[in-house]
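S.K.: You'll find target21.txt just under this line, and it carries compact mmCIF, N, CA and C atoms and all ligand atoms.
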```txt
# COMPACT_ATOMS: atom_id res chain seq x y z
N MET E 103 8.39 1.35 -0.58
CA MET E 103 8.27 2.75 -0.94
C MET E 103 6.80 3.18 -0.91
N THR E 104 6.52 4.32 -0.29
CA THR E 104 5.15 4.80 -0.27
C THR E 104 4.76 5.28 -1.66
N GLU E 105 3.62 4.81 -2.11
CA GLU E 105 3.15 5.18 -3.44
C GLU E 105 1.63 5.27 -3.43
N ARG E 106 1.08 5.72 -4.55
CA ARG E 106 -0.37 5.85 -4.68
C ARG E 106 -0.87 4.98 -5.82
N THR E 107 -2.12 4.54 -5.72
CA THR E 107 -2.73 3.78 -6.80
C THR E 107 -4.15 4.25 -7.03
N LEU E 108 -4.65 4.00 -8.22
CA LEU E 108 -6.05 4.32 -8.56
C LEU E 108 -6.84 3.03 -8.49
N ILE E 109 -7.85 3.05 -7.63
CA ILE E 109 -8.74 1.90 -7.48
C ILE E 109 -10.13 2.32 -7.92
N LEU E 110 -10.83 1.45 -8.64
CA LEU E 110 -12.23 1.71 -8.99
C LEU E 110 -13.08 0.59 -8.41
N VAL E 111 -14.19 0.95 -7.74
CA VAL E 111 -15.25 -0.02 -7.51
C VAL E 111 -16.15 0.14 -8.72
N LYS E 112 -16.15 -0.86 -9.59
CA LYS E 112 -16.87 -0.79 -10.87
C LYS E 112 -18.38 -0.80 -10.62
N PRO E 113 -19.18 -0.50 -11.67
CA PRO E 113 -20.64 -0.41 -11.47
C PRO E 113 -21.28 -1.64 -10.84
N ASP E 114 -20.76 -2.83 -11.10
CA ASP E 114 -21.36 -4.03 -10.47
C ASP E 114 -21.18 -3.98 -8.95
N GLY E 115 -20.02 -3.50 -8.50
CA GLY E 115 -19.76 -3.42 -7.06
C GLY E 115 -20.61 -2.37 -6.37
N VAL E 116 -20.76 -1.21 -7.04
CA VAL E 116 -21.60 -0.14 -6.46
C VAL E 116 -23.05 -0.61 -6.43
N GLN E 117 -23.52 -1.18 -7.55
CA GLN E 117 -24.93 -1.63 -7.63
C GLN E 117 -25.24 -2.71 -6.61
N ARG E 118 -24.26 -3.57 -6.31
CA ARG E 118 -24.50 -4.65 -5.35
C ARG E 118 -24.27 -4.21 -3.90
N GLY E 119 -23.96 -2.94 -3.70
CA GLY E 119 -23.81 -2.45 -2.32
C GLY E 119 -22.52 -2.90 -1.66
N LEU E 120 -21.47 -3.12 -2.47
CA LEU E 120 -20.20 -3.63 -1.92
C LEU E 120 -19.14 -2.55 -1.73
N SER E 121 -19.48 -1.27 -1.98
CA SER E 121 -18.48 -0.20 -1.85
C SER E 121 -17.89 -0.18 -0.44
N GLY E 122 -18.74 -0.26 0.57
CA GLY E 122 -18.27 -0.20 1.96
C GLY E 122 -17.36 -1.36 2.29
N GLU E 123 -17.73 -2.56 1.86
CA GLU E 123 -16.93 -3.77 2.12
C GLU E 123 -15.55 -3.66 1.45
N ILE E 124 -15.53 -3.10 0.25
CA ILE E 124 -14.26 -2.97 -0.47
C ILE E 124 -13.39 -1.89 0.19
N LEU E 125 -14.00 -0.75 0.55
CA LEU E 125 -13.24 0.28 1.29
C LEU E 125 -12.72 -0.28 2.61
N ARG E 126 -13.54 -1.09 3.28
CA ARG E 126 -13.13 -1.69 4.55
C ARG E 126 -11.87 -2.53 4.38
N ARG E 127 -11.84 -3.32 3.31
CA ARG E 127 -10.66 -4.19 3.09
C ARG E 127 -9.41 -3.35 2.80
N ILE E 128 -9.58 -2.26 2.06
CA ILE E 128 -8.43 -1.39 1.74
C ILE E 128 -7.89 -0.77 3.04
N GLU E 129 -8.80 -0.28 3.88
CA GLU E 129 -8.37 0.35 5.13
C GLU E 129 -7.84 -0.68 6.13
N ALA E 130 -8.47 -1.85 6.18
CA ALA E 130 -8.04 -2.89 7.12
C ALA E 130 -6.61 -3.35 6.82
N LYS E 131 -6.24 -3.30 5.55
CA LYS E 131 -4.88 -3.68 5.15
C LYS E 131 -3.86 -2.63 5.60
N GLY E 132 -4.35 -1.42 5.90
CA GLY E 132 -3.46 -0.36 6.39
C GLY E 132 -3.19 0.74 5.39
N TYR E 133 -3.88 0.69 4.24
CA TYR E 133 -3.68 1.75 3.26
C TYR E 133 -4.51 2.98 3.65
N THR E 134 -4.03 4.13 3.24
CA THR E 134 -4.70 5.40 3.55
C THR E 134 -5.54 5.84 2.35
N LEU E 135 -6.75 6.30 2.63
CA LEU E 135 -7.59 6.84 1.56
C LEU E 135 -7.21 8.29 1.33
N VAL E 136 -6.85 8.62 0.10
CA VAL E 136 -6.45 9.99 -0.24
C VAL E 136 -7.62 10.72 -0.89
N ALA E 137 -8.42 10.00 -1.68
CA ALA E 137 -9.59 10.58 -2.35
C ALA E 137 -10.59 9.48 -2.62
N VAL E 138 -11.86 9.79 -2.44
CA VAL E 138 -12.95 8.85 -2.73
C VAL E 138 -14.09 9.65 -3.34
N GLU E 139 -14.53 9.26 -4.53
CA GLU E 139 -15.60 10.04 -5.18
C GLU E 139 -16.45 9.14 -6.07
N LEU E 140 -17.77 9.26 -5.90
CA LEU E 140 -18.70 8.52 -6.75
C LEU E 140 -18.87 9.30 -8.06
N ARG E 141 -18.59 8.64 -9.16
CA ARG E 141 -18.60 9.33 -10.46
C ARG E 141 -19.33 8.50 -11.50
N GLN E 142 -20.03 9.18 -12.40
CA GLN E 142 -20.56 8.51 -13.58
C GLN E 142 -19.52 8.64 -14.68
N ALA E 143 -18.98 7.52 -15.15
CA ALA E 143 -17.98 7.56 -16.22
C ALA E 143 -18.63 8.04 -17.51
N THR E 144 -17.81 8.50 -18.43
CA THR E 144 -18.26 8.89 -19.78
C THR E 144 -17.43 8.08 -20.78
N PRO E 145 -17.92 7.96 -22.03
CA PRO E 145 -17.14 7.24 -23.05
C PRO E 145 -15.74 7.85 -23.22
N GLU E 146 -15.64 9.17 -23.13
CA GLU E 146 -14.33 9.85 -23.32
C GLU E 146 -13.36 9.48 -22.20
N LEU E 147 -13.87 9.50 -20.97
CA LEU E 147 -13.02 9.16 -19.83
C LEU E 147 -12.56 7.69 -19.92
N LEU E 148 -13.48 6.81 -20.33
CA LEU E 148 -13.13 5.37 -20.41
C LEU E 148 -12.14 5.10 -21.53
N GLU E 149 -12.24 5.88 -22.61
CA GLU E 149 -11.29 5.68 -23.71
C GLU E 149 -9.87 6.01 -23.25
N GLN E 150 -9.76 7.01 -22.37
CA GLN E 150 -8.44 7.34 -21.80
C GLN E 150 -8.01 6.26 -20.80
N HIS E 151 -8.94 5.92 -19.91
CA HIS E 151 -8.60 4.97 -18.84
C HIS E 151 -8.20 3.60 -19.42
N TYR E 152 -8.96 3.13 -20.41
CA TYR E 152 -8.72 1.81 -21.00
C TYR E 152 -7.99 1.90 -22.34
N GLU E 153 -7.13 2.90 -22.46
CA GLU E 153 -6.36 3.15 -23.68
C GLU E 153 -5.74 1.87 -24.26
N GLU E 154 -5.15 1.04 -23.38
CA GLU E 154 -4.45 -0.16 -23.85
C GLU E 154 -5.41 -1.21 -24.44
N HIS E 155 -6.70 -1.09 -24.14
CA HIS E 155 -7.67 -2.10 -24.59
C HIS E 155 -8.52 -1.66 -25.78
N VAL E 156 -8.38 -0.39 -26.21
CA VAL E 156 -9.19 0.11 -27.34
C VAL E 156 -8.95 -0.81 -28.55
N GLY E 157 -10.06 -1.27 -29.16
CA GLY E 157 -9.94 -2.13 -30.34
C GLY E 157 -9.98 -3.62 -30.04
N LYS E 158 -9.80 -4.01 -28.77
CA LYS E 158 -9.87 -5.44 -28.43
C LYS E 158 -11.33 -5.90 -28.47
N PRO E 159 -11.57 -7.20 -28.66
CA PRO E 159 -12.95 -7.68 -28.78
C PRO E 159 -13.82 -7.35 -27.56
N PHE E 160 -13.21 -7.27 -26.39
CA PHE E 160 -14.04 -7.01 -25.20
C PHE E 160 -14.19 -5.52 -24.89
N TYR E 161 -13.59 -4.64 -25.74
CA TYR E 161 -13.61 -3.22 -25.41
C TYR E 161 -15.02 -2.63 -25.38
N GLU E 162 -15.82 -2.88 -26.42
CA GLU E 162 -17.17 -2.29 -26.48
C GLU E 162 -18.04 -2.78 -25.32
N PRO E 163 -18.12 -4.11 -25.09
CA PRO E 163 -18.88 -4.56 -23.92
C PRO E 163 -18.34 -4.03 -22.59
N LEU E 164 -17.02 -3.84 -22.52
CA LEU E 164 -16.42 -3.29 -21.29
C LEU E 164 -16.91 -1.86 -21.06
N VAL E 165 -16.93 -1.06 -22.12
CA VAL E 165 -17.39 0.32 -21.99
C VAL E 165 -18.88 0.35 -21.62
N GLU E 166 -19.66 -0.51 -22.27
CA GLU E 166 -21.10 -0.57 -21.97
C GLU E 166 -21.32 -0.90 -20.49
N PHE E 167 -20.56 -1.87 -20.00
CA PHE E 167 -20.63 -2.25 -18.59
C PHE E 167 -20.22 -1.09 -17.69
N MET E 168 -19.14 -0.41 -18.04
CA MET E 168 -18.62 0.68 -17.19
C MET E 168 -19.51 1.92 -17.21
N LEU E 169 -20.42 1.98 -18.23
CA LEU E 169 -21.37 3.10 -18.30
C LEU E 169 -22.70 2.75 -17.64
N SER E 170 -22.84 1.51 -17.13
CA SER E 170 -24.14 1.03 -16.67
C SER E 170 -24.56 1.61 -15.32
N GLY E 171 -23.68 2.35 -14.67
CA GLY E 171 -24.01 2.95 -13.38
C GLY E 171 -22.79 3.64 -12.83
N PRO E 172 -22.93 4.28 -11.68
CA PRO E 172 -21.79 5.01 -11.13
C PRO E 172 -20.64 4.10 -10.69
N THR E 173 -19.45 4.68 -10.70
CA THR E 173 -18.21 4.02 -10.28
C THR E 173 -17.67 4.78 -9.08
N LEU E 174 -17.15 4.06 -8.09
CA LEU E 174 -16.50 4.73 -6.96
C LEU E 174 -15.00 4.79 -7.25
N ALA E 175 -14.51 6.01 -7.47
CA ALA E 175 -13.09 6.18 -7.76
C ALA E 175 -12.35 6.49 -6.46
N ILE E 176 -11.22 5.81 -6.27
CA ILE E 176 -10.48 5.89 -5.01
C ILE E 176 -8.99 6.08 -5.31
N VAL E 177 -8.34 6.96 -4.59
CA VAL E 177 -6.88 6.98 -4.59
C VAL E 177 -6.45 6.52 -3.20
N ALA E 178 -5.64 5.47 -3.17
CA ALA E 178 -5.13 4.93 -1.90
C ALA E 178 -3.62 5.04 -1.89
N GLN E 179 -3.09 5.17 -0.69
CA GLN E 179 -1.65 5.37 -0.52
C GLN E 179 -1.10 4.39 0.50
N GLY E 180 0.14 3.95 0.29
CA GLY E 180 0.78 3.08 1.27
C GLY E 180 2.02 2.42 0.68
N GLU E 181 2.70 1.66 1.52
CA GLU E 181 3.88 0.92 1.07
C GLU E 181 3.46 -0.11 0.03
N ARG E 182 4.01 -0.05 -1.14
CA ARG E 182 3.76 -1.01 -2.23
C ARG E 182 2.28 -1.25 -2.47
N VAL E 183 1.49 -0.16 -2.39
CA VAL E 183 0.03 -0.30 -2.51
C VAL E 183 -0.40 -0.76 -3.91
N ILE E 184 0.41 -0.47 -4.93
CA ILE E 184 0.01 -0.86 -6.29
C ILE E 184 -0.05 -2.39 -6.37
N GLU E 185 1.03 -3.03 -5.99
CA GLU E 185 1.09 -4.49 -5.98
C GLU E 185 0.15 -5.05 -4.91
N GLY E 186 0.11 -4.38 -3.77
CA GLY E 186 -0.70 -4.86 -2.65
C GLY E 186 -2.18 -4.87 -2.96
N PHE E 187 -2.67 -3.84 -3.65
CA PHE E 187 -4.11 -3.86 -3.95
C PHE E 187 -4.42 -4.91 -5.02
N ARG E 188 -3.54 -5.10 -5.99
CA ARG E 188 -3.77 -6.14 -7.01
C ARG E 188 -3.87 -7.50 -6.32
N SER E 189 -3.08 -7.66 -5.27
CA SER E 189 -3.12 -8.90 -4.50
C SER E 189 -4.44 -9.03 -3.73
N LEU E 190 -4.90 -7.93 -3.13
CA LEU E 190 -6.21 -7.95 -2.44
C LEU E 190 -7.34 -8.23 -3.43
N ALA E 191 -7.21 -7.74 -4.66
CA ALA E 191 -8.28 -7.89 -5.66
C ALA E 191 -8.38 -9.31 -6.19
N GLY E 192 -7.24 -9.98 -6.37
CA GLY E 192 -7.25 -11.32 -6.98
C GLY E 192 -7.18 -11.22 -8.50
N VAL E 193 -7.04 -12.37 -9.15
CA VAL E 193 -6.87 -12.37 -10.61
C VAL E 193 -8.15 -11.90 -11.30
N THR E 194 -8.01 -11.55 -12.59
CA THR E 194 -9.09 -10.90 -13.34
C THR E 194 -10.41 -11.68 -13.35
N ASP E 195 -10.33 -13.00 -13.53
CA ASP E 195 -11.54 -13.82 -13.65
C ASP E 195 -12.05 -14.21 -12.26
N PRO E 196 -13.25 -13.75 -11.88
CA PRO E 196 -13.73 -14.01 -10.52
C PRO E 196 -13.92 -15.50 -10.21
N THR E 197 -14.08 -16.32 -11.23
CA THR E 197 -14.24 -17.76 -10.97
C THR E 197 -12.95 -18.39 -10.46
N THR E 198 -11.82 -17.92 -10.98
CA THR E 198 -10.56 -18.53 -10.56
C THR E 198 -9.81 -17.69 -9.52
N ALA E 199 -10.32 -16.50 -9.21
CA ALA E 199 -9.66 -15.67 -8.18
C ALA E 199 -9.69 -16.42 -6.85
N ALA E 200 -8.60 -16.34 -6.11
CA ALA E 200 -8.47 -17.11 -4.87
C ALA E 200 -9.46 -16.63 -3.80
N PRO E 201 -10.01 -17.58 -3.03
CA PRO E 201 -10.79 -17.19 -1.85
C PRO E 201 -9.93 -16.30 -0.96
N GLY E 202 -10.54 -15.32 -0.32
CA GLY E 202 -9.78 -14.36 0.49
C GLY E 202 -9.57 -13.06 -0.26
N THR E 203 -9.66 -13.12 -1.59
CA THR E 203 -9.52 -11.88 -2.38
C THR E 203 -10.92 -11.28 -2.63
N ILE E 204 -10.93 -10.01 -3.02
CA ILE E 204 -12.21 -9.33 -3.31
C ILE E 204 -12.95 -10.06 -4.42
N ARG E 205 -12.25 -10.33 -5.53
CA ARG E 205 -12.92 -11.01 -6.64
C ARG E 205 -13.24 -12.46 -6.30
N GLY E 206 -12.38 -13.12 -5.55
CA GLY E 206 -12.61 -14.52 -5.19
C GLY E 206 -13.76 -14.68 -4.21
N ASP E 207 -13.87 -13.77 -3.26
CA ASP E 207 -14.93 -13.88 -2.24
C ASP E 207 -16.27 -13.35 -2.75
N LEU E 208 -16.22 -12.28 -3.54
CA LEU E 208 -17.45 -11.54 -3.84
C LEU E 208 -17.83 -11.52 -5.31
N GLY E 209 -16.89 -11.86 -6.20
CA GLY E 209 -17.15 -11.77 -7.65
C GLY E 209 -18.00 -12.93 -8.12
N ARG E 210 -18.84 -12.64 -9.11
CA ARG E 210 -19.71 -13.67 -9.69
C ARG E 210 -19.42 -13.77 -11.16
N GLN E 211 -19.54 -14.97 -11.69
CA GLN E 211 -19.36 -15.16 -13.13
C GLN E 211 -20.68 -14.86 -13.83
N TRP E 212 -20.89 -13.57 -14.15
CA TRP E 212 -22.12 -13.20 -14.84
C TRP E 212 -22.09 -13.72 -16.26
N PRO E 213 -23.22 -14.12 -16.77
CA PRO E 213 -23.27 -14.55 -18.18
C PRO E 213 -23.32 -13.35 -19.11
N THR E 214 -22.26 -12.55 -19.10
CA THR E 214 -22.20 -11.37 -19.98
C THR E 214 -20.97 -11.50 -20.87
N LYS E 215 -20.87 -10.56 -21.81
CA LYS E 215 -19.77 -10.61 -22.79
C LYS E 215 -18.45 -10.16 -22.19
N VAL E 216 -18.50 -9.62 -21.01
CA VAL E 216 -17.27 -9.10 -20.42
C VAL E 216 -17.23 -9.51 -18.94
N LEU E 217 -16.02 -9.64 -18.43
CA LEU E 217 -15.89 -10.04 -17.03
C LEU E 217 -16.24 -8.86 -16.12
N GLN E 218 -17.26 -9.05 -15.31
CA GLN E 218 -17.65 -8.04 -14.33
C GLN E 218 -17.00 -8.47 -13.02
N ASN E 219 -15.95 -7.77 -12.65
CA ASN E 219 -15.11 -8.28 -11.58
C ASN E 219 -14.87 -7.27 -10.45
N LEU E 220 -15.85 -6.40 -10.26
CA LEU E 220 -15.97 -5.54 -9.08
C LEU E 220 -14.99 -4.40 -8.95
N VAL E 221 -13.71 -4.65 -9.25
CA VAL E 221 -12.71 -3.61 -8.97
C VAL E 221 -11.69 -3.49 -10.09
N HIS E 222 -11.05 -2.35 -10.11
CA HIS E 222 -9.88 -2.11 -10.94
C HIS E 222 -8.77 -1.61 -10.02
N GLY E 223 -7.54 -1.97 -10.31
CA GLY E 223 -6.40 -1.38 -9.61
C GLY E 223 -5.28 -1.15 -10.61
N SER E 224 -4.62 -0.01 -10.52
CA SER E 224 -3.50 0.29 -11.43
C SER E 224 -2.47 -0.83 -11.35
N ASP E 225 -1.78 -1.09 -12.50
CA ASP E 225 -0.86 -2.23 -12.52
C ASP E 225 0.62 -1.85 -12.50
N SER E 226 0.94 -0.56 -12.45
CA SER E 226 2.35 -0.13 -12.37
C SER E 226 2.37 1.32 -11.89
N GLU E 227 3.55 1.79 -11.53
CA GLU E 227 3.67 3.20 -11.09
C GLU E 227 3.27 4.14 -12.22
N GLU E 228 3.67 3.77 -13.43
CA GLU E 228 3.35 4.59 -14.60
C GLU E 228 1.83 4.65 -14.83
N SER E 229 1.17 3.47 -14.77
CA SER E 229 -0.30 3.44 -14.93
C SER E 229 -0.97 4.22 -13.82
N ALA E 230 -0.47 4.08 -12.60
CA ALA E 230 -1.09 4.76 -11.45
C ALA E 230 -1.05 6.28 -11.67
N ALA E 231 0.09 6.81 -12.07
CA ALA E 231 0.21 8.26 -12.29
C ALA E 231 -0.73 8.70 -13.40
N ARG E 232 -0.77 7.92 -14.47
CA ARG E 232 -1.63 8.26 -15.62
C ARG E 232 -3.11 8.22 -15.22
N GLU E 233 -3.51 7.14 -14.52
CA GLU E 233 -4.93 6.94 -14.17
C GLU E 233 -5.39 7.93 -13.09
N ILE E 234 -4.52 8.26 -12.14
CA ILE E 234 -4.89 9.27 -11.13
C ILE E 234 -5.11 10.61 -11.83
N GLY E 235 -4.29 10.91 -12.82
CA GLY E 235 -4.45 12.15 -13.59
C GLY E 235 -5.77 12.20 -14.36
N ILE E 236 -6.24 11.05 -14.80
CA ILE E 236 -7.51 10.98 -15.54
C ILE E 236 -8.70 11.17 -14.61
N TRP E 237 -8.71 10.47 -13.48
CA TRP E 237 -9.88 10.48 -12.59
C TRP E 237 -9.86 11.65 -11.61
N PHE E 238 -8.66 12.08 -11.21
CA PHE E 238 -8.53 13.17 -10.24
C PHE E 238 -7.47 14.16 -10.73
N PRO E 239 -7.81 14.95 -11.76
CA PRO E 239 -6.80 15.86 -12.33
C PRO E 239 -6.19 16.79 -11.30
N GLY E 240 -6.95 17.13 -10.26
CA GLY E 240 -6.43 18.04 -9.24
C GLY E 240 -5.34 17.43 -8.37
N LEU E 241 -5.25 16.10 -8.35
CA LEU E 241 -4.30 15.41 -7.46
C LEU E 241 -2.95 15.15 -8.11
N ALA E 242 -2.91 15.16 -9.42
CA ALA E 242 -1.70 14.69 -10.13
C ALA E 242 -0.51 15.60 -9.91
P1 LIG E 301 -8.39 -4.09 -14.17
O1 LIG E 301 -7.58 -3.40 -15.26
O2 LIG E 301 -9.87 -3.76 -14.26
O3 LIG E 301 -7.81 -3.92 -12.80
O4 LIG E 301 -8.35 -5.64 -14.42
P2 LIG E 301 -7.17 -6.52 -14.94
O5 LIG E 301 -5.90 -5.72 -15.04
O6 LIG E 301 -7.20 -7.73 -14.09
O7 LIG E 301 -7.68 -6.88 -16.39
P3 LIG E 301 -7.33 -6.23 -17.81
O8 LIG E 301 -6.68 -7.28 -18.64
O9 LIG E 301 -6.66 -4.90 -17.65
O10 LIG E 301 -8.80 -6.00 -18.42
C1 LIG E 301 -9.55 -4.88 -18.03
C2 LIG E 301 -10.95 -5.31 -17.71
O11 LIG E 301 -11.63 -5.73 -18.90
C3 LIG E 301 -12.54 -6.77 -18.59
N1 LIG E 301 -12.18 -7.95 -19.37
N2 LIG E 301 -13.07 -8.79 -19.80
N3 LIG E 301 -12.39 -11.67 -21.87
C4 LIG E 301 -13.11 -10.85 -21.14
O12 LIG E 301 -14.30 -10.99 -20.98
C5 LIG E 301 -12.44 -9.73 -20.49
N4 LIG E 301 -11.13 -9.47 -20.51
C6 LIG E 301 -10.98 -8.32 -19.79
C7 LIG E 301 -12.46 -7.02 -17.11
O13 LIG E 301 -13.46 -6.22 -16.47
C8 LIG E 301 -11.07 -6.51 -16.78
O14 LIG E 301 -10.95 -6.18 -15.43
MG MG E 302 -5.74 -3.84 -16.11
```
Once more with this new file: its structure as structure tokens, please.
M.R.:
Amino acid sequence: MTERTLILVKPDGVQRGLSGEILRRIEAKGYTLVAVELRQATPELLEQHYEEHVGKPFYEPLVEFMLSGPTLAIVAQGERVIEGFRSLAGVTDPTTAAPGTIRGDLGRQWPTKVLQNLVHGSDSEESAAREIGIWFPGLA
């Protein structure tokens, strides 16, 4: 089924100059770019985006990391793109993410309080609709 997902190149990816490489992998897989915008996140936007993590021990360091520079927000479309992009991204921890994935090939285990793992991808149709509405209110 054709669907849409919200992908973020997090500040570590933008700062390291990996936005183009990550967009290349999304397009090479055959997904269509619907929207791409470089944005500076705000605490309010992150509280909505990371609603499920508010109050967890890694929440404050996560917000600090996500405020450390601009984020590239992307809406991509394609057959099973939600599951497909999570597969391209690899598991959360870049040390154990499989080679061939974005996090496995390019992610580094920074000595920080939170995992800096280059990308975010929505994890369900419900999350995708919610997150697209947060980052691109005009598209929802
Ligand atoms: P994402 O939401 O960014 O696509 O990543 P995910 O589903 O793989 O991971 P999730 O559990 O939703 O966590 C969101 C982000 O929080 C940071 N995190 N750090 N123990 C830690 O240091 C830790 N746990 C989570 C990561 O940046 C993760 O992507
Ligand atoms: Mg998640």
S.K.: Can I get the residues of chain E within 8 Å of ligand LIG 301 (chain E), each with the closest pair of atoms and their distance in Å to one decimal, using all atoms listed in the file, sorted chain first then ascending number, as a Markdown table?
M.R.:
```
| residue | atom | partner | partner_atom | distance |
| --- | --- | --- | --- | --- |
| E:Ile109 | CA | E:LIG301 | O3 | 7.9 |
| E:Leu110 | N | E:LIG301 | O3 | 7.4 |
| E:Tyr152 | CA | E:LIG301 | C1 | 7.4 |
| E:Glu154 | C | E:LIG301 | O9 | 7.8 |
| E:His155 | CA | E:LIG301 | C1 | 7.4 |
| E:Pro159 | C | E:LIG301 | N3 | 7.3 |
| E:Phe160 | CA | E:LIG301 | C4 | 5.7 |
| E:Tyr161 | N | E:LIG301 | O11 | 7.2 |
| E:Pro163 | C | E:LIG301 | C3 | 7.6 |
| E:Leu164 | CA | E:LIG301 | C3 | 5.9 |
| E:Val165 | N | E:LIG301 | O11 | 7.8 |
| E:Arg188 | CA | E:LIG301 | O3 | 7.4 |
| E:Gly192 | C | E:LIG301 | O6 | 6.6 |
| E:Val193 | C | E:LIG301 | O6 | 5.1 |
| E:Thr194 | CA | E:LIG301 | O6 | 3.8 |
| E:Asp195 | N | E:LIG301 | O6 | 6.2 |
| E:Thr214 | C | E:LIG301 | O12 | 6.7 |
| E:Lys215 | C | E:LIG301 | O12 | 4.4 |
| E:Val216 | CA | E:LIG301 | O12 | 3.6 |
| E:Leu217 | N | E:LIG301 | O12 | 3.4 |
| E:Gln218 | N | E:LIG301 | O13 | 4.9 |
| E:Asn219 | N | E:LIG301 | O13 | 4.8 |
| E:Leu220 | N | E:LIG301 | O13 | 6.7 |
| E:Val221 | C | E:LIG301 | O2 | 4.6 |
| E:His222 | CA | E:LIG301 | O3 | 3.3 |
| E:Gly223 | N | E:LIG301 | O3 | 3.2 |
| E:Ser224 | N | E:LIG301 | O3 | 5.5 |
| E:Asp225 | CA | E:LIG301 | O5 | 6.6 |
```
S.K.: Export, as a compact mmCIF listing (two decimals), keeping the file's coordinate frame, the selected residues with N, CA and C atoms.
M.R.:
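Result file is again-v9.txt:
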```txt
# COMPACT_ATOMS: atom_id res chain seq x y z
N ILE E 109 -7.85 3.05 -7.63
CA ILE E 109 -8.74 1.90 -7.48
C ILE E 109 -10.13 2.32 -7.92
N LEU E 110 -10.83 1.45 -8.64
CA LEU E 110 -12.23 1.71 -8.99
C LEU E 110 -13.08 0.59 -8.41
N TYR E 152 -8.96 3.13 -20.41
CA TYR E 152 -8.72 1.81 -21.00
C TYR E 152 -7.99 1.90 -22.34
N GLU E 154 -5.15 1.04 -23.38
CA GLU E 154 -4.45 -0.16 -23.85
C GLU E 154 -5.41 -1.21 -24.44
N HIS E 155 -6.70 -1.09 -24.14
CA HIS E 155 -7.67 -2.10 -24.59
C HIS E 155 -8.52 -1.66 -25.78
N PRO E 159 -11.57 -7.20 -28.66
CA PRO E 159 -12.95 -7.68 -28.78
C PRO E 159 -13.82 -7.35 -27.56
N PHE E 160 -13.21 -7.27 -26.39
CA PHE E 160 -14.04 -7.01 -25.20
C PHE E 160 -14.19 -5.52 -24.89
N TYR E 161 -13.59 -4.64 -25.74
CA TYR E 161 -13.61 -3.22 -25.41
C TYR E 161 -15.02 -2.63 -25.38
N PRO E 163 -18.12 -4.11 -25.09
CA PRO E 163 -18.88 -4.56 -23.92
C PRO E 163 -18.34 -4.03 -22.59
N LEU E 164 -17.02 -3.84 -22.52
CA LEU E 164 -16.42 -3.29 -21.29
C LEU E 164 -16.91 -1.86 -21.06
N VAL E 165 -16.93 -1.06 -22.12
CA VAL E 165 -17.39 0.32 -21.99
C VAL E 165 -18.88 0.35 -21.62
N ARG E 188 -3.54 -5.10 -5.99
CA ARG E 188 -3.77 -6.14 -7.01
C ARG E 188 -3.87 -7.50 -6.32
N GLY E 192 -7.24 -9.98 -6.37
CA GLY E 192 -7.25 -11.32 -6.98
C GLY E 192 -7.18 -11.22 -8.50
N VAL E 193 -7.04 -12.37 -9.15
CA VAL E 193 -6.87 -12.37 -10.61
C VAL E 193 -8.15 -11.90 -11.30
N THR E 194 -8.01 -11.55 -12.59
CA THR E 194 -9.09 -10.90 -13.34
C THR E 194 -10.41 -11.68 -13.35
N ASP E 195 -10.33 -13.00 -13.53
CA ASP E 195 -11.54 -13.82 -13.65
C ASP E 195 -12.05 -14.21 -12.26
N THR E 214 -22.26 -12.55 -19.10
CA THR E 214 -22.20 -11.37 -19.98
C THR E 214 -20.97 -11.50 -20.87
N LYS E 215 -20.87 -10.56 -21.81
CA LYS E 215 -19.77 -10.61 -22.79
C LYS E 215 -18.45 -10.16 -22.19
N VAL E 216 -18.50 -9.62 -21.01
CA VAL E 216 -17.27 -9.10 -20.42
C VAL E 216 -17.23 -9.51 -18.94
N LEU E 217 -16.02 -9.64 -18.43
CA LEU E 217 -15.89 -10.04 -17.03
C LEU E 217 -16.24 -8.86 -16.12
N GLN E 218 -17.26 -9.05 -15.31
CA GLN E 218 -17.65 -8.04 -14.33
C GLN E 218 -17.00 -8.47 -13.02
N ASN E 219 -15.95 -7.77 -12.65
CA ASN E 219 -15.11 -8.28 -11.58
C ASN E 219 -14.87 -7.27 -10.45
N LEU E 220 -15.85 -6.40 -10.26
CA LEU E 220 -15.97 -5.54 -9.08
C LEU E 220 -14.99 -4.40 -8.95
N VAL E 221 -13.71 -4.65 -9.25
CA VAL E 221 -12.71 -3.61 -8.97
C VAL E 221 -11.69 -3.49 -10.09
N HIS E 222 -11.05 -2.35 -10.11
CA HIS E 222 -9.88 -2.11 -10.94
C HIS E 222 -8.77 -1.61 -10.02
N GLY E 223 -7.54 -1.97 -10.31
CA GLY E 223 -6.40 -1.38 -9.61
C GLY E 223 -5.28 -1.15 -10.61
N SER E 224 -4.62 -0.01 -10.52
CA SER E 224 -3.50 0.29 -11.43
C SER E 224 -2.47 -0.83 -11.35
N ASP E 225 -1.78 -1.09 -12.50
CA ASP E 225 -0.86 -2.23 -12.52
C ASP E 225 0.62 -1.85 -12.50
```
S.K.: Using only N, CA and C atoms, can you tell me which of E:Glu228, E:Gly180, E:Gly206, E:Glu185 comes closest to Gly132 (chain E)?
M.R.: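 Looking only at the distances to Gly132 (chain E), the closest residue turns out to be E:Gly180.
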S.K.: From the set E:Trp212, E:Glu181, E:Thr198, E:Ala191, which residue has the shortest atom-to-atom contact distance to Met103 (chain E), counting only C-alpha atoms?
M.R.: E:Glu181
S.K.: Just how far from atom N of Glu123 (chain E) is atom C of Asp207 (chain E), in Å to one decimal?
M.R.: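 Between atom C of Asp207 (chain E) and atom N of Glu123 (chain E) the gap works out to 11.8 Å.
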S.K.: Would you list the contacts of Val138 (chain E) as a ChimeraX atom specification, taking every protein, DNA or RNA residue within 6 Å and counting only N, CA and C atoms, but skipping same-chain residues closer than 5 positions in sequence?
M.R.: /E:175-177
S.K.: Quick one: DSSP strand (DSSP E or B) residues in chain E, as a PyMOL selection string?
M.R.: chain E and resi 104-111+134-141+173-181+221-223
S.K.: Which distance in Å separates CA of Arg210 (chain E) and atom N of Glu146 (chain E), to one decimal?
M.R.: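 Spanning CA of Arg210 (chain E) to atom N of Glu146 (chain E) is a straight-line distance of 26.8 Å.
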